[in-house]
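Visitor: Have a look at this one before I ask anything.
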Amino acid sequence: MLQNSQMKGRARTLAAHAILITYTIIALFPVIVIVINSFKTRNAIFRSPLSPPNSETFSLVGYETVWNQGDFVLYFQNSLIVTIMSLALVLLFGAMAAFALSEYRFRGNSLMGLYLALGIMIPIRLGTVSILQIMVASGLVNTLTALILVYTAQGLPLAVFILSEFMRGISDDLKNAGRIDGLSEYRIFGRLVLPLIRPALATVAVFTMIPIWNDLWFPLILAPAEETKTVTLGAQIFIGQFVTNWNAVLSSLSLAIVPVLILYLIFSKQLIRGITSGAVK
Amino acid sequence: MGSLKLNSIHKSFGSVDVLHDIDLQVPDGEFVVFVGPSGCGKSTLLRIIAGLETTSSGTIEIDGNIVNAQSPTERGIAMVFQTYALYPHLTVRDNMSLGLKQAKFPKAEIAERVNMATTMLSLEDYLDRRPAELSGGQRQRVAIGRAVVREPTLFLFDEPLSNLDAALRVNTRLEIARLHDELKSTMIYVTHDQTEAMTLADRIVVLNQGRVAQVGAPMELYNNPANMFVAGFIGSPKMNFINASDVGSSKAATIGVRPEHLSIDTKKGDWKGSVTHVEHLGADTNIYVNCESAGPLTVRLFGEHSYETGQMIFATPQANKVIEFGADEATLQ
């Protein structure tokens with residue numbers, strides 16, 4: 001009996017691992033293909049796209065092209081500014097709205113919550129034409145501000161939704177203890193609530209950051225000028241209607257993975273660490 | 001100083017009335033316990049006194065000043081919560097001193113007050129730990145320490161012992177009693193546990209469905225309950241209620257006898273019945289009897305007694321310990 005159940009348990013573990021490994025391979029496959037091919041000569045890319053570079057096929061020509069052609073340092077800088085600024089605004093405003101929704105009783109509270117969450121269901125790209133008109137009217141076309149504003153709006157609904165759920169989970173006693181100790185509502189928000197929802201903030205940050213970094217749509221429409229190009233848009237210069245410089249495209253994409261990977265590692269560390277334990281039994 | 005006066009406090013959430021016309025006066029230095037079943041409004045009343053909840057009508061006076069519009073800090077109260085509510089990211093020392101730092105006390109005085117509180121609660125060894133590294137009892141002592149350092153006019157306790165296990169509960173209860181003796185401050189304590197209420201209180205306020213059922217010293221409530229609710233709530237096991245007409249009493253609708261005021265005899269007595277269950281607690285023996293006339297009764301005998309299930313016995317109430325209640329459930333004098 002015991003052995004039987006042990007075997008069953010092991011089989012289950014194996015099955016779980018098999019599924020997870022399969023998923024990991026599927027998810028990582030395109031990334032790996034991009035990265036290994038970015039280090040190969042053009043011929044090698046087409047001859048055997050799945051083999052890793054060897055002494056014969058190894059080439060940095062793609063990276064050299066990216067370095068020499070196009071202002072990629074500027075593109076990276078633009079992408080980072082847009083992503084980090086939008087992220088900061090989404091987290092700040094999202095957390096503030098979530099705090100108000102979860103903490104205070106006021107007329108229309110749940111209606112307001114629903115309204116703020118509506119954006120999760122309606123894609124912001126449906127409003128592209130109006131957004132473009134607004135940006136033209138306010139003279140923000142070809143500025144990073146335009147992108148930051150749009151991405152903040154795009155990220156807020158999910159942030160408000162997730163963060164308000166988390167904030168409802170924080171014990172009222174803790175906030176009341178702060179009130180009795182004379183903390184202002186701002187300090188209760190900043191000093192008590194925010195540290196406790198750090199894992200949720202990290203989750204929201206990851207989910208918000210990746211679509212912004214990867215987005216091609218809004219940079220193409222709102223800020224296609226040379227000095228405001230983002231990395232994803234910058235990589236497009238190597239893709240032509242008739243000729244595509246695959247070495248350069250793959251190299252620029254490989255480079256574009258690095259910063260977002262670093263940001264992800266920073267947040268995921270926060271994500272794993274739960275510091276709520278011990279706050280409340 | 002720390003006297004409290006509540007004038008016809010009324011509170012409703014939407015259309016639900018949770019407190020009706022609560023009047024209460026607490027002189028300086030008294031230990032008052034609010035007790036009642038869950039949902040009776042006792043915690044809401046405490047939160048109203050603390051300033052964490054507004055009243056729908058009525059006024060709260062602390063030391064003669066009406067404080068309805070003041071924040072918890074301005075009222076000079078301190079509160080200990082059931083869930084401890086310690087700041088998880090701060091050390092024990094910082095947890096205790098945050099309120100004082102916020103009020104811009106000089107550093108030396110903060111240190112002195114924290115020292116005093118830690119000595120009083122024997123927390124010296126834990127000052128630099130975080131709440132997660134403490135046991136439940138230690139956490140609650142830190143929470144009490146956080147209240148003590150503020151030297152408040154009023155101490156408020158919201159079921160502080162409910163999350164502790166039985167042994168710690170008795171220890172912490174003694175600690176709170178000792179604290180009251182040392183500090184001589186006014187304390188208001190909410191609990192649903194009548195043992196805590198009886199052991200700690202100078203005066204008990206029994207609440208039932210948002211109304212004050214009775215206010216009095218513990219023994220007064222035990223000996224002279226104002227109505228059936230208080231009679232049933234105070235005392236364990238619960239008072240026996242017997243339909244008066246079943247046992248041939250005249251003016252009362254119901255009569256009440258506490259289990260410890262019944263005696264048992266195998267040969268003669270007032271109410272004949274059979275034993276349905278026996279609980280041996282060592283110091284006491286609880287005997288459940290189904291009487292022919294009086295219905296089911298609980299009898300509490302001191303010491304060890306051997307009765308068997310199904311045995312026929314007679315239960316007799318002590319003559320002057322029977323309480324009579326009228327049809328409106330109020331005690332008949």
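In the structure tokens, the first chain shown is A, the next is B, and so on; residue numbers restart at 1 for each chain, and ligands run from 1 in the order shown.
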Counting only C-alpha atoms, which residues of chain B come no farther than 10 Å from chain A, as a VMD selection string?
Guide: chain B and resid 47 50 to 52 71 to 89 95 to 103 130 to 136 139 143 146 to 147 150 158 163
Visitor: Can you list every residue in range 17-233 of chain A that DSSP puts in alpha helix (DSSP H), as an NGL selection string?
Guide: :A and (17-38 or 42-47 or 61-68 or 72-103 or 109-121 or 128-137 or 144-168 or 172-180 or 185-187 or 194-196 or 198-214 or 217-222 or 231-233)
Visitor: Find the distance between CA of Gly235 in chain B and CA of Tyr222 in chain B and write it in Å to one decimal.
Guide: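 Going from CA of Gly235 in chain B over to CA of Tyr222 in chain B covers 6.9 Å.
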Visitor: Can you measure CA of Ala225 in chain A to CA of Ser138 in chain A for me? One decimal in Å is fine.
Guide: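 Going from CA of Ala225 in chain A over to CA of Ser138 in chain A, I get 17.0 Å.
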Visitor: What does the distance from CA of Gly64 in chain B to CA of Gln25 in chain B come to in Å, to one decimal?
Guide: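 So the two atoms, CA of Gly64 in chain B and CA of Gln25 in chain B, lie 10.9 Å apart.
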Visitor: Considering only C-alpha atoms, can you say which of A:Ile162, A:Val150, A:Val33, A:Leu91 comes closest to Leu194 in chain A?
Guide: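 Result for the nearest residue to Leu194 in chain A: A:Leu91.
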Visitor: Choose the residue, out of A:Tyr151, A:Phe46, A:Phe207, A:Tyr186, that has the smallest atom-to-atom separation from Met85 in chain A; count only C-alpha atoms.
Guide: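 Between A:Tyr151, A:Phe46, A:Phe207, A:Tyr186, the residue approaching Met85 in chain A most closely is A:Tyr151.
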Visitor: Using only C-alpha atoms, which residues sit within 12 Å of Val66 in chain A once same-chain residues fewer than 3 positions away are excluded, as number ranges by chain?
Guide: A: 38, 60-63, 69-73, 75-76, 231, 234-238, 245-256
Visitor: I'd like the contact shell of Gly216 in chain B - 7 Å cut-off, only C-alpha atoms, skipping same-chain residues fewer than 6 positions apart - returned as a list of chain:residue names.
Guide: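 Near Gly216 in chain B, the qualifying residues are B:Arg203, B:Ile204, B:Val205.
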Visitor: Smallest atom-to-atom distance to Thr285 in chain B: which of B:Glu109, B:Gly273, B:Leu127, B:Phe302, using only C-alpha atoms?
Guide: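 For Thr285 in chain B, the nearest of the candidates is B:Phe302.
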Visitor: Near Phe218 in chain A, counting only C-alpha atoms, which residues have an atom at most 9 Å away, once you skip same-chain residues fewer than 4 positions from it, shown as a PyMOL selection string?
Guide: chain A and resi 125+128+147+150-151+222-224
Visitor: Could you give me, as a Markdown table, a per-residue list for range 128-169 of chain B showing, wherever an atom lies at most 8 Å from an atom of range 112-122 of chain B, the closest pair of atoms and their distance in Å to one decimal, using only C-alpha atoms and sorting by chain then residue number from low to high?
Guide:
| residue | atom | partner | partner_atom | distance |
| --- | --- | --- | --- | --- |
| B:Arg141 | CA | B:Leu121 | CA | 6.5 |
| B:Gly145 | CA | B:Ala117 | CA | 5.5 |
| B:Val148 | CA | B:Ala117 | CA | 6.3 |
| B:Val149 | CA | B:Arg113 | CA | 5.5 |
